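Report on the structure given below.
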Amino acid sequence: MKRSLVCGALALLVSLATGTEGVGAQSLADFDYENLSFRGFSLEGGYLSGTRVDGTYSTGIRVDLGYLGPGLRIVPGLSYWSSTMKASEVGELETKVESLIEGELPPGSSFDPQVNLGTIDWSDINLSLDGHLVWSIPYGFLSFAGLGVSAHILDGDGEAIAGTFVEDLLDSVVAGVNVHAGLEYPVHDRFRFYGLTRYEVMEDLRYLEFRLGGQIMVAPPAPGEERAP
């Protein structure tokens, strides 16, 4: 399934890159897979707001592997964040646990289970593979937008849930997909700043993230990527 998502996302980006008319990306070198190579790396920081967790900061790295097709850049990455589960989400878990306990009680029992799960922390290690459709815009900027697939290593933690089935439910490895868009500015042929917005979707969690980063280039810019004079 994960391989199908990767192939599908890349196929869509290839069709967009080769089928778009009048886009600045067409001036970029018409590379194919034989020309994919390590071109640079970056460190980035961000902030995200999720459906089940409180807003939190994130850190990450990404690697520039060059162009698979006209304007289609391949960028794997690794990021991490840790946050506290929203109080409303914890309350829903407590209600579900209470219902499970009530279901195991003998008929007519007067016992009223009161479950308090306390504070629950949730963290994510995100391994991603993104495809950027890149084009040049005025004032020397590069713009990009694209799709990505990812594997998320989620870890739940809390004093009350330690060693319980609730922790097991929160500890998982799940697939995700994202859409993203951003801007880059080449300060130098060997260094560029960028900012991006991405929306990540998993089965049980979604979040909107804003990132800023700086990229060190170890290879010359591709045609169309050069710094404006």
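Labels for the structure tokens follow display order: chains A, B, ..., residues from 1 in each chain, ligands from 1.
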At a cut-off of 12 Å, using only C-alpha atoms, what residues contact Glu225 in chain A? Leave out same-chain residues fewer than 6 positions from it and give the result as a PyMOL selection string. chain A and resi 24-29+66-67+71+73+134-137+140-144+184-192+217+219
Take the residues from that selection and put them in a file with N, CA and C atoms, as a short mmCIF file (atom, residue, chain, number, x, y, z; two decimals), in the first residue's frame.
```
data_model
loop_
_atom_site.label_atom_id
_atom_site.label_comp_id
_atom_site.auth_asym_id
_atom_site.auth_seq_id
_atom_site.Cartn_x
_atom_site.Cartn_y
_atom_site.Cartn_z
N GLY A 24 7.14 28.53 -15.19
CA GLY A 24 8.58 28.78 -15.14
C GLY A 24 9.38 27.52 -14.94
N ALA A 25 8.77 26.48 -14.38
CA ALA A 25 9.49 25.23 -14.15
C ALA A 25 10.02 24.63 -15.44
N GLN A 26 9.40 24.97 -16.58
CA GLN A 26 9.86 24.40 -17.83
C GLN A 26 11.26 24.86 -18.19
N SER A 27 11.76 25.93 -17.57
CA SER A 27 13.11 26.38 -17.85
C SER A 27 14.15 25.62 -17.05
N LEU A 28 13.69 24.83 -16.07
CA LEU A 28 14.61 24.01 -15.31
C LEU A 28 15.09 22.84 -16.16
N ALA A 29 16.25 22.31 -15.81
CA ALA A 29 16.84 21.24 -16.62
C ALA A 29 15.89 20.05 -16.71
N GLY A 66 17.50 16.47 -6.19
CA GLY A 66 17.48 16.90 -7.58
C GLY A 66 16.16 16.62 -8.26
N TYR A 67 16.18 16.62 -9.59
CA TYR A 67 14.96 16.62 -10.40
C TYR A 67 14.75 15.29 -11.11
N GLY A 71 11.19 20.32 -13.67
CA GLY A 71 10.66 21.01 -12.52
C GLY A 71 10.20 20.13 -11.37
N ARG A 73 11.12 18.09 -8.34
CA ARG A 73 12.22 17.84 -7.40
C ARG A 73 11.80 16.80 -6.36
N VAL A 134 8.42 22.73 -9.06
CA VAL A 134 9.12 24.00 -8.82
C VAL A 134 9.04 24.90 -10.04
N TRP A 135 8.80 26.19 -9.80
CA TRP A 135 8.86 27.16 -10.89
C TRP A 135 9.38 28.49 -10.36
N SER A 136 9.96 29.28 -11.24
CA SER A 136 10.53 30.57 -10.86
C SER A 136 9.46 31.65 -10.94
N ILE A 137 9.55 32.64 -10.05
CA ILE A 137 8.63 33.77 -10.03
C ILE A 137 9.47 35.05 -9.91
N GLY A 140 13.48 36.94 -8.09
CA GLY A 140 14.46 35.92 -7.76
C GLY A 140 13.97 34.79 -6.90
N PHE A 141 12.67 34.72 -6.61
CA PHE A 141 12.13 33.65 -5.79
C PHE A 141 11.83 32.41 -6.62
N LEU A 142 11.85 31.26 -5.94
CA LEU A 142 11.35 30.02 -6.48
C LEU A 142 10.11 29.63 -5.68
N SER A 143 9.10 29.16 -6.36
CA SER A 143 7.89 28.69 -5.69
C SER A 143 7.76 27.19 -5.94
N PHE A 144 7.14 26.50 -5.01
CA PHE A 144 6.94 25.07 -5.20
C PHE A 144 5.65 24.62 -4.52
N GLU A 184 11.07 29.77 -1.89
CA GLU A 184 12.50 29.72 -1.60
C GLU A 184 13.17 30.98 -2.14
N TYR A 185 14.24 31.38 -1.46
CA TYR A 185 15.02 32.50 -1.97
C TYR A 185 16.50 32.13 -1.91
N PRO A 186 17.16 32.04 -3.06
CA PRO A 186 18.60 31.70 -3.08
C PRO A 186 19.45 32.91 -2.69
N VAL A 187 19.86 32.97 -1.45
CA VAL A 187 20.74 34.04 -0.99
C VAL A 187 22.08 33.97 -1.70
N HIS A 188 22.51 32.74 -1.97
CA HIS A 188 23.78 32.46 -2.63
C HIS A 188 23.59 31.17 -3.40
N ASP A 189 24.45 30.90 -4.36
CA ASP A 189 24.34 29.64 -5.09
C ASP A 189 24.50 28.43 -4.17
N ARG A 190 25.11 28.66 -3.00
CA ARG A 190 25.33 27.56 -2.06
C ARG A 190 24.43 27.62 -0.83
N PHE A 191 23.50 28.59 -0.80
CA PHE A 191 22.63 28.68 0.38
C PHE A 191 21.31 29.35 0.00
N ARG A 192 20.22 28.83 0.56
CA ARG A 192 18.90 29.41 0.30
C ARG A 192 18.00 29.28 1.53
N MET A 217 23.68 24.04 -0.18
CA MET A 217 23.81 23.35 -1.45
C MET A 217 25.24 22.85 -1.62
N ALA A 219 25.93 21.22 -4.57
CA ALA A 219 26.03 21.12 -6.03
C ALA A 219 25.54 22.44 -6.64
#
```
Which of range 41-215 of chain A DSSP labels alpha helix (DSSP H), written as an MDAnalysis selection string: chainID A and resid 87:104 165:170
List the spatial neighbours of Glu159 in chain A as a PyMOL selection string - criterion: any atom at most 12 Å away, only C-alpha atoms, same-chain residues fewer than 3 positions off excluded. chain A and resi 116-121+156+162-164+166-167
Applying 9 Å and only C-alpha atoms, which residues near Leu48 in chain A remain after dropping the ones on its own chain fewer than 4 positions away? List them as a VMD selection string. chain A and resid 54 to 58 81 207 to 211
Just write the chosen residues, C-alpha atoms, as a tab-separated table (two decimals), in the first residue's frame.
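The result, written out as selection_16.tsv:
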```
chain	number	residue	atom	x	y	z
A	54	ASP	CA	-2.30	20.91	21.32
A	55	GLY	CA	-0.25	23.21	19.08
A	56	THR	CA	3.47	22.50	19.29
A	57	TYR	CA	6.85	23.12	17.67
A	58	SER	CA	8.57	20.74	15.28
A	81	TRP	CA	7.29	16.80	17.26
A	207	TYR	CA	-2.38	18.69	11.31
A	208	LEU	CA	-1.49	21.94	9.56
A	209	GLU	CA	2.19	22.86	9.83
A	210	PHE	CA	4.28	25.92	9.00
A	211	ARG	CA	8.04	25.50	8.54
```
Determine which residues of chain A DSSP labels as strand (DSSP E) from the backbone of this structure, then write them out as a PyMOL selection string. chain A and resi 40-50+56-64+67-69+72-84+121-136+142-157+172-188+191-201+206-217
Next, dump the selected residues to file, keeping only C-alpha atoms, as an mmCIF file, in the first residue's frame.
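So the final result, stored in selection-v2.cif, reads:
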```cif
data_model
loop_
_atom_site.group_PDB
_atom_site.id
_atom_site.type_symbol
_atom_site.label_atom_id
_atom_site.label_comp_id
_atom_site.auth_asym_id
_atom_site.auth_seq_id
_atom_site.Cartn_x
_atom_site.Cartn_y
_atom_site.Cartn_z
ATOM 1 C CA GLY A 40 22.022 19.655 -0.528
ATOM 2 C CA PHE A 41 20.501 19.395 2.917
ATOM 3 C CA SER A 42 18.633 21.690 5.259
ATOM 4 C CA LEU A 43 17.604 22.162 8.864
ATOM 5 C CA GLU A 44 14.125 23.452 9.583
ATOM 6 C CA GLY A 45 11.818 24.366 12.418
ATOM 7 C CA GLY A 46 8.074 24.781 12.481
ATOM 8 C CA TYR A 47 4.816 24.996 14.334
ATOM 9 C CA LEU A 48 1.786 22.759 13.883
ATOM 10 C CA SER A 49 -1.832 22.669 14.960
ATOM 11 C CA GLY A 50 -3.507 19.256 15.029
ATOM 12 C CA THR A 56 3.466 22.497 19.293
ATOM 13 C CA TYR A 57 6.854 23.122 17.674
ATOM 14 C CA SER A 58 8.567 20.740 15.275
ATOM 15 C CA THR A 59 12.112 20.222 14.043
ATOM 16 C CA GLY A 60 13.353 18.453 10.956
ATOM 17 C CA ILE A 61 15.852 17.921 8.184
ATOM 18 C CA ARG A 62 15.367 17.436 4.479
ATOM 19 C CA VAL A 63 17.576 16.295 1.591
ATOM 20 C CA ASP A 64 17.500 17.681 -1.949
ATOM 21 C CA TYR A 67 14.964 16.618 -10.404
ATOM 22 C CA LEU A 68 13.135 13.546 -11.648
ATOM 23 C CA GLY A 69 11.577 15.453 -14.548
ATOM 24 C CA LEU A 72 9.896 17.900 -10.414
ATOM 25 C CA ARG A 73 12.218 17.844 -7.395
ATOM 26 C CA ILE A 74 12.452 14.848 -5.047
ATOM 27 C CA VAL A 75 12.890 15.671 -1.350
ATOM 28 C CA PRO A 76 12.982 13.052 1.422
ATOM 29 C CA GLY A 77 12.842 14.320 5.002
ATOM 30 C CA LEU A 78 12.726 13.497 8.682
ATOM 31 C CA SER A 79 10.862 15.516 11.315
ATOM 32 C CA TYR A 80 9.848 15.232 14.960
ATOM 33 C CA TRP A 81 7.291 16.803 17.259
ATOM 34 C CA SER A 82 5.928 16.092 20.739
ATOM 35 C CA SER A 83 2.724 17.485 22.200
ATOM 36 C CA THR A 84 -0.027 16.962 24.766
ATOM 37 C CA ASP A 121 1.758 13.056 25.688
ATOM 38 C CA TRP A 122 1.920 12.088 22.020
ATOM 39 C CA SER A 123 4.980 12.322 19.782
ATOM 40 C CA ASP A 124 5.660 11.631 16.117
ATOM 41 C CA ILE A 125 8.745 10.725 14.091
ATOM 42 C CA ASN A 126 7.833 11.417 10.468
ATOM 43 C CA LEU A 127 9.775 9.873 7.568
ATOM 44 C CA SER A 128 8.579 11.549 4.380
ATOM 45 C CA LEU A 129 9.129 11.522 0.629
ATOM 46 C CA ASP A 130 7.891 14.682 -1.111
ATOM 47 C CA GLY A 131 7.684 15.692 -4.732
ATOM 48 C CA HIS A 132 7.998 19.451 -5.398
ATOM 49 C CA LEU A 133 6.760 20.995 -8.621
ATOM 50 C CA VAL A 134 9.118 23.996 -8.817
ATOM 51 C CA TRP A 135 8.861 27.158 -10.890
ATOM 52 C CA SER A 136 10.532 30.572 -10.860
ATOM 53 C CA LEU A 142 11.346 30.016 -6.482
ATOM 54 C CA SER A 143 7.887 28.686 -5.694
ATOM 55 C CA PHE A 144 6.940 25.068 -5.198
ATOM 56 C CA ALA A 145 3.897 22.923 -4.484
ATOM 57 C CA GLY A 146 3.399 19.201 -4.348
ATOM 58 C CA LEU A 147 2.389 15.970 -2.715
ATOM 59 C CA GLY A 148 4.126 13.616 -0.322
ATOM 60 C CA VAL A 149 3.814 10.269 1.401
ATOM 61 C CA SER A 150 5.114 9.432 4.847
ATOM 62 C CA ALA A 151 5.501 6.858 7.602
ATOM 63 C CA HIS A 152 4.696 8.092 11.118
ATOM 64 C CA ILE A 153 6.096 6.451 14.247
ATOM 65 C CA LEU A 154 3.653 7.601 16.933
ATOM 66 C CA ASP A 155 4.327 7.177 20.638
ATOM 67 C CA GLY A 156 1.853 7.814 23.468
ATOM 68 C CA ASP A 157 3.014 8.305 27.038
ATOM 69 C CA SER A 172 1.662 2.765 16.241
ATOM 70 C CA VAL A 173 3.290 3.077 12.846
ATOM 71 C CA VAL A 174 0.889 4.543 10.288
ATOM 72 C CA ALA A 175 1.000 5.823 6.720
ATOM 73 C CA GLY A 176 0.233 9.424 5.852
ATOM 74 C CA VAL A 177 -0.087 11.753 2.880
ATOM 75 C CA ASN A 178 0.431 15.491 2.627
ATOM 76 C CA VAL A 179 -0.027 18.466 0.343
ATOM 77 C CA HIS A 180 2.361 21.395 0.620
ATOM 78 C CA ALA A 181 3.409 24.696 -0.935
ATOM 79 C CA GLY A 182 6.200 27.158 -0.267
ATOM 80 C CA LEU A 183 8.700 29.790 -1.374
ATOM 81 C CA GLU A 184 12.503 29.719 -1.600
ATOM 82 C CA TYR A 185 15.023 32.501 -1.968
ATOM 83 C CA PRO A 186 18.596 31.701 -3.078
ATOM 84 C CA VAL A 187 20.738 34.043 -0.992
ATOM 85 C CA HIS A 188 23.782 32.461 -2.631
ATOM 86 C CA PHE A 191 22.629 28.676 0.376
ATOM 87 C CA ARG A 192 18.903 29.415 0.299
ATOM 88 C CA PHE A 193 16.098 30.224 2.736
ATOM 89 C CA TYR A 194 12.630 28.752 2.394
ATOM 90 C CA GLY A 195 9.247 28.630 4.057
ATOM 91 C CA LEU A 196 6.407 26.211 3.492
ATOM 92 C CA THR A 197 2.966 25.168 4.630
ATOM 93 C CA ARG A 198 1.926 21.516 4.684
ATOM 94 C CA TYR A 199 -1.223 19.664 5.605
ATOM 95 C CA GLU A 200 -0.617 16.134 6.864
ATOM 96 C CA VAL A 201 -3.340 13.475 6.900
ATOM 97 C CA ARG A 206 -4.461 15.568 10.885
ATOM 98 C CA TYR A 207 -2.385 18.690 11.315
ATOM 99 C CA LEU A 208 -1.486 21.936 9.562
ATOM 100 C CA GLU A 209 2.187 22.858 9.827
ATOM 101 C CA PHE A 210 4.277 25.921 9.000
ATOM 102 C CA ARG A 211 8.043 25.498 8.535
ATOM 103 C CA LEU A 212 11.079 27.725 7.973
ATOM 104 C CA GLY A 213 14.454 26.389 6.936
ATOM 105 C CA GLY A 214 17.873 27.071 5.492
ATOM 106 C CA GLN A 215 19.442 24.807 2.871
ATOM 107 C CA ILE A 216 23.127 24.300 2.171
ATOM 108 C CA MET A 217 23.809 23.348 -1.448
#
```
Figure out the distance between CA of Leu65 in chain A and CA of Ser37 in chain A, please, to one decimal in Å.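 For CA of Ser37 in chain A relative to CA of Leu65 in chain A, the distance reads 5.0 Å.
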